[in-house]
$ cat final-v5.pdb   # PDB, C-alpha atoms, pLDDT in the B column
ATOM      1  CA  MET A   1      19.841   7.234  13.999  1.00 57.00           C
ATOM      2  CA  SER A   2      16.164   7.225  13.304  1.00 71.00           C
ATOM      3  CA  GLY A   3      13.543   5.103  14.981  1.00 77.00           C
ATOM      4  CA  PRO A   4      13.218   2.181  12.549  1.00 78.00           C
ATOM      5  CA  GLU A   5      16.999   1.833  12.396  1.00 84.00           C
ATOM      6  CA  THR A   6      17.035   1.370  16.143  1.00 88.00           C
ATOM      7  CA  VAL A   7      14.279  -1.217  15.855  1.00 89.00           C
ATOM      8  CA  ASP A   8      16.320  -3.139  13.295  1.00 90.00           C
ATOM      9  CA  ARG A   9      19.381  -3.039  15.476  1.00 92.00           C
ATOM     10  CA  VAL A  10      17.480  -4.250  18.526  1.00 93.00           C
ATOM     11  CA  LEU A  11      15.876  -7.097  16.560  1.00 93.00           C
ATOM     12  CA  LEU A  12      19.183  -8.274  15.110  1.00 93.00           C
ATOM     13  CA  THR A  13      20.926  -8.095  18.466  1.00 94.00           C
ATOM     14  CA  ALA A  14      18.118 -10.130  20.000  1.00 94.00           C
ATOM     15  CA  ALA A  15      18.479 -12.655  17.182  1.00 94.00           C
ATOM     16  CA  VAL A  16      22.218 -12.988  17.880  1.00 94.00           C
ATOM     17  CA  VAL A  17      21.524 -13.511  21.579  1.00 95.00           C
ATOM     18  CA  ILE A  18      18.867 -16.143  20.815  1.00 95.00           C
ATOM     19  CA  ILE A  19      21.219 -18.022  18.486  1.00 95.00           C
ATOM     20  CA  LEU A  20      23.958 -17.959  21.121  1.00 95.00           C
ATOM     21  CA  VAL A  21      21.559 -19.326  23.737  1.00 95.00           C
ATOM     22  CA  ALA A  22      20.491 -22.046  21.305  1.00 94.00           C
ATOM     23  CA  GLY A  23      24.148 -22.945  20.711  1.00 94.00           C
ATOM     24  CA  GLY A  24      24.731 -23.237  24.452  1.00 94.00           C
ATOM     25  CA  LEU A  25      21.733 -25.527  24.883  1.00 93.00           C
ATOM     26  CA  LEU A  26      22.975 -27.565  21.944  1.00 93.00           C
ATOM     27  CA  LEU A  27      26.336 -28.001  23.664  1.00 93.00           C
ATOM     28  CA  VAL A  28      24.449 -29.510  26.599  1.00 92.00           C
ATOM     29  CA  ARG A  29      22.884 -32.044  24.226  1.00 90.00           C
ATOM     30  CA  ILE A  30      26.255 -32.819  22.654  1.00 91.00           C
ATOM     31  CA  ALA A  31      27.832 -33.305  26.058  1.00 91.00           C
ATOM     32  CA  ARG A  32      25.233 -35.645  27.489  1.00 86.00           C
ATOM     33  CA  GLY A  33      23.839 -37.232  24.342  1.00 76.00           C
ATOM     34  CA  PRO A  34      23.526 -40.902  25.161  1.00 82.00           C
ATOM     35  CA  SER A  35      24.728 -42.196  21.819  1.00 84.00           C
ATOM     36  CA  MET A  36      26.947 -40.971  19.032  1.00 85.00           C
ATOM     37  CA  LEU A  37      23.922 -40.595  16.757  1.00 87.00           C
ATOM     38  CA  ASP A  38      22.478 -37.939  19.040  1.00 89.00           C
ATOM     39  CA  ARG A  39      25.760 -36.090  18.823  1.00 90.00           C
ATOM     40  CA  ALA A  40      25.754 -36.451  15.044  1.00 89.00           C
ATOM     41  CA  ILE A  41      22.305 -34.856  14.796  1.00 91.00           C
ATOM     42  CA  ALA A  42      23.374 -32.158  17.225  1.00 91.00           C
ATOM     43  CA  LEU A  43      26.429 -31.411  15.095  1.00 90.00           C
ATOM     44  CA  ASP A  44      24.185 -30.974  12.064  1.00 90.00           C
ATOM     45  CA  VAL A  45      22.067 -28.487  13.970  1.00 92.00           C
ATOM     46  CA  CYS A  46      25.278 -26.820  15.135  1.00 92.00           C
ATOM     47  CA  ALA A  47      26.333 -26.223  11.536  1.00 92.00           C
ATOM     48  CA  ALA A  48      22.897 -24.753  10.807  1.00 93.00           C
ATOM     49  CA  LEU A  49      23.214 -22.476  13.834  1.00 94.00           C
ATOM     50  CA  ILE A  50      26.655 -21.286  12.709  1.00 94.00           C
ATOM     51  CA  ILE A  51      25.215 -20.452   9.285  1.00 94.00           C
ATOM     52  CA  ALA A  52      22.328 -18.587  10.901  1.00 94.00           C
ATOM     53  CA  GLY A  53      24.687 -16.659  13.165  1.00 94.00           C
ATOM     54  CA  LEU A  54      26.928 -15.648  10.279  1.00 94.00           C
ATOM     55  CA  GLY A  55      23.837 -14.592   8.334  1.00 93.00           C
ATOM     56  CA  THR A  56      22.694 -12.453  11.230  1.00 94.00           C
ATOM     57  CA  LYS A  57      26.112 -10.841  11.423  1.00 93.00           C
ATOM     58  CA  SER A  58      26.005 -10.154   7.701  1.00 92.00           C
ATOM     59  CA  ALA A  59      22.540  -8.628   8.056  1.00 91.00           C
ATOM     60  CA  PHE A  60      23.772  -6.480  10.913  1.00 91.00           C
ATOM     61  CA  ALA A  61      26.847  -5.142   9.158  1.00 91.00           C
ATOM     62  CA  ARG A  62      25.405  -5.252   5.613  1.00 90.00           C
ATOM     63  CA  ASP A  63      28.430  -6.925   4.141  1.00 89.00           C
ATOM     64  CA  SER A  64      28.722 -10.165   2.211  1.00 88.00           C
ATOM     65  CA  PHE A  65      32.163 -11.104   3.453  1.00 92.00           C
ATOM     66  CA  TYR A  66      31.075 -14.306   5.198  1.00 92.00           C
ATOM     67  CA  PHE A  67      28.872 -15.692   2.446  1.00 93.00           C
ATOM     68  CA  PRO A  68      31.470 -18.136   1.066  1.00 93.00           C
ATOM     69  CA  ILE A  69      31.965 -19.537   4.560  1.00 93.00           C
ATOM     70  CA  MET A  70      28.213 -20.054   4.896  1.00 93.00           C
ATOM     71  CA  LEU A  71      28.174 -21.726   1.490  1.00 93.00           C
ATOM     72  CA  VAL A  72      30.947 -24.151   2.404  1.00 93.00           C
ATOM     73  CA  LEU A  73      29.264 -24.944   5.730  1.00 91.00           C
ATOM     74  CA  ALA A  74      25.965 -25.650   4.005  1.00 91.00           C
ATOM     75  CA  PHE A  75      27.724 -27.821   1.469  1.00 89.00           C
ATOM     76  CA  LEU A  76      30.029 -29.813   3.731  1.00 89.00           C
ATOM     77  CA  GLY A  77      28.326 -29.665   7.112  1.00 85.00           C
ATOM     78  CA  PHE A  78      26.653 -33.014   6.674  1.00 86.00           C
ATOM     79  CA  THR A  79      29.793 -35.044   6.057  1.00 88.00           C
ATOM     80  CA  GLY A  80      30.617 -35.257   9.733  1.00 86.00           C
ATOM     81  CA  SER A  81      27.300 -36.782  10.723  1.00 86.00           C
ATOM     82  CA  VAL A  82      27.361 -39.091   7.708  1.00 88.00           C
ATOM     83  CA  GLY A  83      30.774 -40.348   8.768  1.00 87.00           C
ATOM     84  CA  ILE A  84      29.596 -40.879  12.324  1.00 86.00           C
ATOM     85  CA  ALA A  85      26.467 -42.698  11.182  1.00 84.00           C
ATOM     86  CA  ARG A  86      28.341 -44.904   8.754  1.00 84.00           C
ATOM     87  CA  PHE A  87      31.472 -45.810  10.626  1.00 83.00           C
ATOM     88  CA  ILE A  88      31.329 -45.004  14.308  1.00 78.00           C
ATOM     89  CA  ALA A  89      27.755 -45.703  15.411  1.00 69.00           C
ATOM     90  CA  VAL A  90      27.923 -49.300  14.223  1.00 69.00           C
ATOM     91  CA  ARG A  91      30.887 -50.045  16.433  1.00 68.00           C
ATOM     92  CA  ASP A  92      29.987 -47.851  19.362  1.00 62.00           C
ATOM     93  CA  ARG A  93      26.946 -49.218  21.165  1.00 60.00           C
ATOM     94  CA  PRO A  94      26.581 -47.150  24.276  1.00 56.00           C
ATOM     95  CA  ARG A  95      24.550 -49.586  26.357  1.00 54.00           C
ATOM     96  CA  PRO A  96      22.487 -52.720  25.996  1.00 52.00           C
ATOM     97  CA  ARG A  97      19.051 -51.617  25.038  1.00 49.00           C
ATOM     98  CA  ARG A  98      17.210 -54.008  27.291  1.00 49.00           C
ATOM     99  CA  GLY A  99      19.310 -55.647  29.918  1.00 44.00           C
ATOM    100  CA  PRO A 100      18.353 -58.928  31.520  1.00 44.00           C
ATOM    101  CA  ALA A 101      17.314 -57.080  34.669  1.00 42.00           C
ATOM    102  CA  GLY A 102      14.679 -55.096  32.815  1.00 41.00           C
ATOM    103  CA  GLU A 103      14.410 -51.837  31.049  1.00 42.00           C
ATOM    104  CA  GLU A 104      17.114 -49.294  31.344  1.00 42.00           C
ATOM    105  CA  GLY A 105      16.625 -45.608  31.577  1.00 43.00           C
ATOM    106  CA  ARG A 106      16.890 -43.957  28.221  1.00 42.00           C
ATOM    107  CA  ARG A 107      18.195 -40.574  29.223  1.00 39.00           C
TER     108      ARG A 107
ATOM    109  CA  MET B   1      16.693   6.192   1.892  1.00 69.00           C
ATOM    110  CA  THR B   2      13.218   5.762   0.643  1.00 88.00           C
ATOM    111  CA  VAL B   3      10.310   4.370   2.532  1.00 90.00           C
ATOM    112  CA  TRP B   4      10.369   1.052   0.713  1.00 89.00           C
ATOM    113  CA  GLN B   5      14.001   0.430   1.514  1.00 90.00           C
ATOM    114  CA  GLN B   6      13.261   1.119   5.151  1.00 90.00           C
ATOM    115  CA  ILE B   7      10.330  -1.298   5.031  1.00 91.00           C
ATOM    116  CA  ALA B   8      12.526  -3.980   3.441  1.00 91.00           C
ATOM    117  CA  ASP B   9      15.164  -3.460   6.118  1.00 91.00           C
ATOM    118  CA  THR B  10      12.714  -3.836   8.964  1.00 92.00           C
ATOM    119  CA  ALA B  11      11.006  -6.817   7.350  1.00 93.00           C
ATOM    120  CA  GLY B  12      14.414  -8.459   6.925  1.00 93.00           C
ATOM    121  CA  ALA B  13      15.264  -7.871  10.564  1.00 93.00           C
ATOM    122  CA  VAL B  14      11.918  -9.337  11.627  1.00 94.00           C
ATOM    123  CA  LEU B  15      12.505 -12.408   9.446  1.00 94.00           C
ATOM    124  CA  VAL B  16      15.976 -12.909  10.904  1.00 94.00           C
ATOM    125  CA  PHE B  17      14.510 -12.659  14.397  1.00 95.00           C
ATOM    126  CA  ILE B  18      11.763 -15.192  13.640  1.00 95.00           C
ATOM    127  CA  GLY B  19      14.321 -17.568  12.138  1.00 95.00           C
ATOM    128  CA  ALA B  20      16.492 -17.300  15.236  1.00 95.00           C
ATOM    129  CA  ALA B  21      13.464 -17.979  17.443  1.00 94.00           C
ATOM    130  CA  ILE B  22      12.674 -21.096  15.395  1.00 94.00           C
ATOM    131  CA  CYS B  23      16.279 -22.203  15.823  1.00 94.00           C
ATOM    132  CA  LEU B  24      15.872 -21.867  19.579  1.00 94.00           C
ATOM    133  CA  LEU B  25      12.614 -23.830  19.475  1.00 93.00           C
ATOM    134  CA  GLY B  26      14.263 -26.664  17.581  1.00 93.00           C
ATOM    135  CA  VAL B  27      17.154 -26.803  20.024  1.00 94.00           C
ATOM    136  CA  VAL B  28      14.738 -26.928  22.954  1.00 93.00           C
ATOM    137  CA  GLY B  29      13.032 -29.830  21.209  1.00 91.00           C
ATOM    138  CA  MET B  30      16.390 -31.547  20.839  1.00 91.00           C
ATOM    139  CA  LEU B  31      16.944 -31.181  24.551  1.00 91.00           C
ATOM    140  CA  ARG B  32      13.570 -32.445  25.658  1.00 91.00           C
ATOM    141  CA  LEU B  33      12.596 -35.198  23.251  1.00 88.00           C
ATOM    142  CA  PRO B  34      13.541 -38.697  24.381  1.00 86.00           C
ATOM    143  CA  ASP B  35      14.573 -40.631  21.296  1.00 85.00           C
ATOM    144  CA  VAL B  36      16.993 -40.468  18.391  1.00 86.00           C
ATOM    145  CA  LEU B  37      14.215 -40.344  15.830  1.00 87.00           C
ATOM    146  CA  SER B  38      12.208 -37.700  17.657  1.00 88.00           C
ATOM    147  CA  ARG B  39      15.358 -35.660  18.160  1.00 90.00           C
ATOM    148  CA  SER B  40      15.976 -35.948  14.454  1.00 90.00           C
ATOM    149  CA  HIS B  41      12.446 -34.656  13.926  1.00 90.00           C
ATOM    150  CA  ALA B  42      13.205 -31.669  16.124  1.00 90.00           C
ATOM    151  CA  ALA B  43      16.561 -31.090  14.437  1.00 90.00           C
ATOM    152  CA  THR B  44      15.032 -30.434  11.042  1.00 90.00           C
ATOM    153  CA  LYS B  45      13.352 -27.232  12.193  1.00 89.00           C
ATOM    154  CA  PRO B  46      16.496 -25.128  12.566  1.00 90.00           C
ATOM    155  CA  GLN B  47      18.036 -26.781   9.530  1.00 91.00           C
ATOM    156  CA  THR B  48      15.282 -25.914   7.086  1.00 92.00           C
ATOM    157  CA  LEU B  49      12.713 -23.387   8.265  1.00 93.00           C
ATOM    158  CA  GLY B  50      14.851 -21.363  10.639  1.00 93.00           C
ATOM    159  CA  LEU B  51      17.780 -21.172   8.264  1.00 93.00           C
ATOM    160  CA  LEU B  52      15.605 -20.277   5.265  1.00 94.00           C
ATOM    161  CA  LEU B  53      13.912 -17.490   7.233  1.00 94.00           C
ATOM    162  CA  VAL B  54      17.285 -16.115   8.287  1.00 94.00           C
ATOM    163  CA  LEU B  55      18.563 -16.254   4.715  1.00 94.00           C
ATOM    164  CA  ALA B  56      15.423 -14.516   3.423  1.00 94.00           C
ATOM    165  CA  GLY B  57      15.912 -11.804   6.012  1.00 94.00           C
ATOM    166  CA  VAL B  58      19.537 -11.313   4.998  1.00 94.00           C
ATOM    167  CA  ALA B  59      18.497 -11.180   1.346  1.00 93.00           C
ATOM    168  CA  LEU B  60      15.914  -8.513   2.168  1.00 92.00           C
ATOM    169  CA  ARG B  61      18.522  -6.438   3.940  1.00 92.00           C
ATOM    170  CA  LEU B  62      21.354  -6.699   1.413  1.00 90.00           C
ATOM    171  CA  ARG B  63      19.304  -6.606  -1.825  1.00 87.00           C
ATOM    172  CA  GLY B  64      22.210  -7.078  -4.220  1.00 87.00           C
ATOM    173  CA  GLY B  65      21.874  -9.492  -7.098  1.00 89.00           C
ATOM    174  CA  MET B  66      25.048 -11.411  -6.351  1.00 91.00           C
ATOM    175  CA  ASP B  67      24.278 -11.564  -2.647  1.00 91.00           C
ATOM    176  CA  VAL B  68      20.765 -12.858  -3.196  1.00 93.00           C
ATOM    177  CA  ALA B  69      22.081 -15.490  -5.612  1.00 94.00           C
ATOM    178  CA  THR B  70      24.661 -16.671  -3.067  1.00 93.00           C
ATOM    179  CA  LEU B  71      22.020 -16.835  -0.349  1.00 94.00           C
ATOM    180  CA  ALA B  72      19.719 -18.855  -2.597  1.00 94.00           C
ATOM    181  CA  LEU B  73      22.612 -21.225  -3.269  1.00 93.00           C
ATOM    182  CA  ILE B  74      23.236 -21.608   0.473  1.00 94.00           C
ATOM    183  CA  GLY B  75      19.584 -22.458   1.045  1.00 93.00           C
ATOM    184  CA  PHE B  76      19.582 -24.883  -1.856  1.00 93.00           C
ATOM    185  CA  PHE B  77      22.621 -26.772  -0.603  1.00 93.00           C
ATOM    186  CA  GLN B  78      21.232 -26.887   2.911  1.00 92.00           C
ATOM    187  CA  LEU B  79      17.980 -28.368   1.631  1.00 92.00           C
ATOM    188  CA  LEU B  80      19.976 -30.813  -0.500  1.00 91.00           C
ATOM    189  CA  THR B  81      22.316 -32.140   2.167  1.00 90.00           C
ATOM    190  CA  GLY B  82      19.987 -32.183   5.153  1.00 89.00           C
ATOM    191  CA  PRO B  83      17.888 -35.233   4.173  1.00 89.00           C
ATOM    192  CA  VAL B  84      21.003 -37.248   3.292  1.00 89.00           C
ATOM    193  CA  ALA B  85      22.443 -36.912   6.768  1.00 89.00           C
ATOM    194  CA  ALA B  86      19.058 -37.419   8.448  1.00 89.00           C
ATOM    195  CA  HIS B  87      18.402 -40.559   6.415  1.00 89.00           C
ATOM    196  CA  LEU B  88      21.765 -42.098   7.226  1.00 89.00           C
ATOM    197  CA  VAL B  89      21.507 -41.270  10.910  1.00 89.00           C
ATOM    198  CA  ALA B  90      17.985 -42.693  11.185  1.00 87.00           C
ATOM    199  CA  ARG B  91      18.980 -45.821   9.325  1.00 86.00           C
ATOM    200  CA  SER B  92      21.990 -46.321  11.542  1.00 87.00           C
ATOM    201  CA  ALA B  93      19.801 -45.781  14.610  1.00 86.00           C
ATOM    202  CA  TYR B  94      17.416 -48.449  13.364  1.00 84.00           C
ATOM    203  CA  ARG B  95      20.072 -50.975  12.583  1.00 81.00           C
ATOM    204  CA  THR B  96      21.900 -50.583  15.851  1.00 81.00           C
ATOM    205  CA  GLY B  97      18.641 -50.911  17.751  1.00 78.00           C
ATOM    206  CA  GLN B  98      18.520 -47.523  19.394  1.00 76.00           C
ATOM    207  CA  ILE B  99      14.857 -46.827  18.764  1.00 75.00           C
ATOM    208  CA  GLU B 100      11.754 -47.875  20.644  1.00 74.00           C
ATOM    209  CA  ARG B 101      10.215 -50.471  18.406  1.00 73.00           C
ATOM    210  CA  CYS B 102       6.987 -50.670  20.356  1.00 74.00           C
ATOM    211  CA  GLU B 103       6.181 -47.063  19.586  1.00 74.00           C
ATOM    212  CA  LEU B 104       6.447 -47.370  15.819  1.00 77.00           C
ATOM    213  CA  LEU B 105       3.153 -47.363  13.981  1.00 77.00           C
ATOM    214  CA  PHE B 106       4.560 -48.659  10.696  1.00 76.00           C
ATOM    215  CA  ASP B 107       7.734 -50.635  10.350  1.00 77.00           C
ATOM    216  CA  ASP B 108       8.429 -51.391   6.720  1.00 75.00           C
ATOM    217  CA  LEU B 109      12.165 -51.777   7.141  1.00 75.00           C
ATOM    218  CA  ASP B 110      11.651 -54.702   9.509  1.00 75.00           C
ATOM    219  CA  ALA B 111       9.948 -56.798   6.833  1.00 75.00           C
ATOM    220  CA  GLN B 112      12.636 -55.935   4.319  1.00 74.00           C
ATOM    221  CA  LEU B 113      15.441 -56.871   6.664  1.00 73.00           C
ATOM    222  CA  THR B 114      13.691 -60.143   7.481  1.00 74.00           C
ATOM    223  CA  GLU B 115      13.297 -60.923   3.794  1.00 73.00           C
ATOM    224  CA  ILE B 116      16.963 -60.291   3.192  1.00 70.00           C
ATOM    225  CA  GLN B 117      17.874 -62.549   6.050  1.00 66.00           C
ATOM    226  CA  ASP B 118      15.525 -65.304   4.862  1.00 68.00           C
ATOM    227  CA  ALA B 119      16.792 -65.129   1.306  1.00 66.00           C
ATOM    228  CA  GLY B 120      20.373 -65.760   2.146  1.00 57.00           C
ATOM    229  CA  PRO B 121      23.241 -64.891   4.407  1.00 55.00           C
ATOM    230  CA  ALA B 122      23.529 -61.315   5.424  1.00 49.00           C
ATOM    231  CA  GLN B 123      26.073 -59.140   3.759  1.00 51.00           C
ATOM    232  CA  GLU B 124      27.784 -58.103   6.906  1.00 49.00           C
ATOM    233  CA  PRO B 125      28.380 -60.915   9.322  1.00 47.00           C
ATOM    234  CA  GLY B 126      28.962 -58.649  12.275  1.00 46.00           C
ATOM    235  CA  ARG B 127      25.488 -57.260  12.056  1.00 47.00           C
ATOM    236  CA  ARG B 128      23.614 -60.449  11.682  1.00 45.00           C
ATOM    237  CA  PRO B 129      22.770 -61.480  15.257  1.00 46.00           C
ATOM    238  CA  GLU B 130      21.230 -58.105  15.932  1.00 46.00           C
ATOM    239  CA  ASP B 131      19.014 -58.398  12.878  1.00 47.00           C
ATOM    240  CA  GLY B 132      18.026 -61.902  13.735  1.00 44.00           C
ATOM    241  CA  ARG B 133      17.014 -60.919  17.202  1.00 45.00           C
ATOM    242  CA  GLU B 134      15.024 -57.956  16.053  1.00 45.00           C
ATOM    243  CA  GLY B 135      13.513 -59.540  12.997  1.00 44.00           C
ATOM    244  CA  GLY B 136      12.148 -62.479  14.934  1.00 42.00           C
ATOM    245  CA  GLY B 137       9.938 -60.645  17.373  1.00 41.00           C
ATOM    246  CA  GLU B 138       6.697 -58.995  16.533  1.00 44.00           C
ATOM    247  CA  PRO B 139       6.901 -55.230  16.617  1.00 46.00           C
ATOM    248  CA  GLY B 140       4.198 -54.953  19.205  1.00 45.00           C
ATOM    249  CA  GLN B 141       5.552 -57.294  21.801  1.00 44.00           C
ATOM    250  CA  GLU B 142       8.406 -56.975  24.157  1.00 43.00           C
ATOM    251  CA  PRO B 143      11.583 -58.430  22.763  1.00 46.00           C
ATOM    252  CA  GLY B 144      12.791 -59.373  26.202  1.00 43.00           C
ATOM    253  CA  PRO B 145      16.206 -60.708  26.944  1.00 45.00           C
ATOM    254  CA  ALA B 146      17.493 -62.273  23.791  1.00 42.00           C
ATOM    255  CA  PRO B 147      18.024 -66.006  24.214  1.00 44.00           C
ATOM    256  CA  GLY B 148      20.356 -66.827  21.397  1.00 42.00           C
ATOM    257  CA  PRO B 149      22.752 -64.132  20.305  1.00 44.00           C
ATOM    258  CA  SER B 150      24.994 -62.394  22.689  1.00 40.00           C
ATOM    259  CA  ARG B 151      25.042 -58.663  22.843  1.00 41.00           C
ATOM    260  CA  SER B 152      28.419 -57.358  22.058  1.00 38.00           C
TER     261      SER B 152
END

$ encode --input "final-v5.pdb" --output "structure tokens"
Amino acid sequence: MSGPETVDRVLLTAAVVIILVAGGLLLVRIARGPSMLDRAIALDVCAALIIAGLGTKSAFARDSFYFPIMLVLAFLGFTGSVGIARFIAVRDRPRPRRGPAGEEGRR
Amino acid sequence: MTVWQQIADTAGAVLVFIGAAICLLGVVGMLRLPDVLSRSHAATKPQTLGLLLVLAGVALRLRGGMDVATLALIGFFQLLTGPVAAHLVARSAYRTGQIERCELLFDDLDAQLTEIQDAGPAQEPGRRPEDGREGGGEPGQEPGPAPGPSRS
């Protein structure tokens, strides 16, 4: 269509690409996170990224079809990390923090 | 389509783009920062600022009353539930000893845990040796290999 419409479309497409790249980098953190708490934080950010991506899709198509899904994600996205922090991270100690031989690498 | 609607559309697209860029910045911080607490610091940027910018952009582009109300509700719930999860994760990281205690400037929780341990037996017996080992040492000095309790 007109010029500003094209600008909008380019900006929103770039935003979708950026959010997808951020999700890929976040998968790297989830895969190699040293402890379960890192993965819990990464899952929180993952929920936020899903909400942002759905919002970008809604802004692109100008429909409000996915708003209830975003609402439920914003409301319940934290329960997973709360469960991990309460019940799993206490049992699962990934490594001794300081071994007798000295400091361990933290990455 | 009037001029103002066009301006609102473009401003909404720009806000969505800035929010997505802030999301990417936060994720890069999560990849590069070394610690659980500093990663939690980086994780709050996409959760609050990036998401609120994206929601404001969507609200500028849709402009309906019901849609704006739903978006405000999404932002409200995200702001409500984010600190709960961050607090529990940081507390669990502290109590399982996954943070660098030498790098903390203030450590108020240490004194409180030591007081609890001095006052009486700990509530959870499985967690007690860890607290005893960490509560005994000064925050500035190296804890070293723990003599008494066994790490399990």

$ residues_around --input "final-v5.pdb" --residues "Phe67 in chain A" --least-positions-apart "6" --cutoff "12 Å" --atoms "all atoms listed in the file" --output "ChimeraX atom specification"
/A:50-59,73-74 /B:55,58-59,62,66-75

$ axis_aligned_box --input "final-v5.pdb" --around "range 46-61 of chain B" --padding-each-side "8 Å" --output "lines of an AutoDock Vina configuration file"
center_x = 16.1
center_y = -16.6
center_z = 7.0
size_x = 22.8
size_y = 36.3
size_z = 27.2

$ resolve_selection --input "final-v5.pdb" --expression "the PyMOL selection byres ((chain A and resi 82) around 12)" --output "PDB file with C-alpha atoms, in the coordinates of the input"
ATOM      1  CA  MET A  36      26.947 -40.971  19.032  1.00 85.00           C
ATOM      2  CA  LEU A  37      23.922 -40.595  16.757  1.00 87.00           C
ATOM      3  CA  ARG A  39      25.760 -36.090  18.823  1.00 90.00           C
ATOM      4  CA  ALA A  40      25.754 -36.451  15.044  1.00 89.00           C
ATOM      5  CA  ILE A  41      22.305 -34.856  14.796  1.00 91.00           C
ATOM      6  CA  LEU A  43      26.429 -31.411  15.095  1.00 90.00           C
ATOM      7  CA  ASP A  44      24.185 -30.974  12.064  1.00 90.00           C
ATOM      8  CA  LEU A  76      30.029 -29.813   3.731  1.00 89.00           C
ATOM      9  CA  GLY A  77      28.326 -29.665   7.112  1.00 85.00           C
ATOM     10  CA  PHE A  78      26.653 -33.014   6.674  1.00 86.00           C
ATOM     11  CA  THR A  79      29.793 -35.044   6.057  1.00 88.00           C
ATOM     12  CA  GLY A  80      30.617 -35.257   9.733  1.00 86.00           C
ATOM     13  CA  SER A  81      27.300 -36.782  10.723  1.00 86.00           C
ATOM     14  CA  GLY A  83      30.774 -40.348   8.768  1.00 87.00           C
ATOM     15  CA  ILE A  84      29.596 -40.879  12.324  1.00 86.00           C
ATOM     16  CA  ALA A  85      26.467 -42.698  11.182  1.00 84.00           C
ATOM     17  CA  ARG A  86      28.341 -44.904   8.754  1.00 84.00           C
ATOM     18  CA  PHE A  87      31.472 -45.810  10.626  1.00 83.00           C
ATOM     19  CA  ILE A  88      31.329 -45.004  14.308  1.00 78.00           C
ATOM     20  CA  ALA A  89      27.755 -45.703  15.411  1.00 69.00           C
TER      21      ALA A  89
ATOM     22  CA  THR B  81      22.316 -32.140   2.167  1.00 90.00           C
ATOM     23  CA  GLY B  82      19.987 -32.183   5.153  1.00 89.00           C
ATOM     24  CA  PRO B  83      17.888 -35.233   4.173  1.00 89.00           C
ATOM     25  CA  VAL B  84      21.003 -37.248   3.292  1.00 89.00           C
ATOM     26  CA  ALA B  85      22.443 -36.912   6.768  1.00 89.00           C
ATOM     27  CA  ALA B  86      19.058 -37.419   8.448  1.00 89.00           C
ATOM     28  CA  HIS B  87      18.402 -40.559   6.415  1.00 89.00           C
ATOM     29  CA  LEU B  88      21.765 -42.098   7.226  1.00 89.00           C
ATOM     30  CA  VAL B  89      21.507 -41.270  10.910  1.00 89.00           C
ATOM     31  CA  ALA B  90      17.985 -42.693  11.185  1.00 87.00           C
ATOM     32  CA  ARG B  91      18.980 -45.821   9.325  1.00 86.00           C
ATOM     33  CA  SER B  92      21.990 -46.321  11.542  1.00 87.00           C
TER      34      SER B  92
END

$ resolve_selection --input "final-v5.pdb" --expression "the PyMOL selection byres ((chain B and resi 99) around 12)" --output "ChimeraX atom specification"
/A:35,37-38,97-98,106 /B:34-40,89-98,100-104,107,134,139

$ atom_distance --input "final-v5.pdb" --atom1 "CA of Asp9 in chain B" --atom2 "CA of Phe77 in chain B"
25.4 Å

$ atom_distance --input "final-v5.pdb" --atom1 "CA of Phe60 in chain A" --atom2 "CA of Leu12 in chain A"
6.5 Å

$ resolve_selection --input "final-v5.pdb" --expression "the PyMOL selection byres ((chain B and resi 23) around 10)" --output "ChimeraX atom specification"
/A:15,18-19,21-23,45,48-49,52 /B:17-22,24-29,42-51,54

$ atom_distance --input "final-v5.pdb" --atom1 "CA of Leu31 in chain B" --atom2 "CA of Arg29 in chain A"
6.0 Å
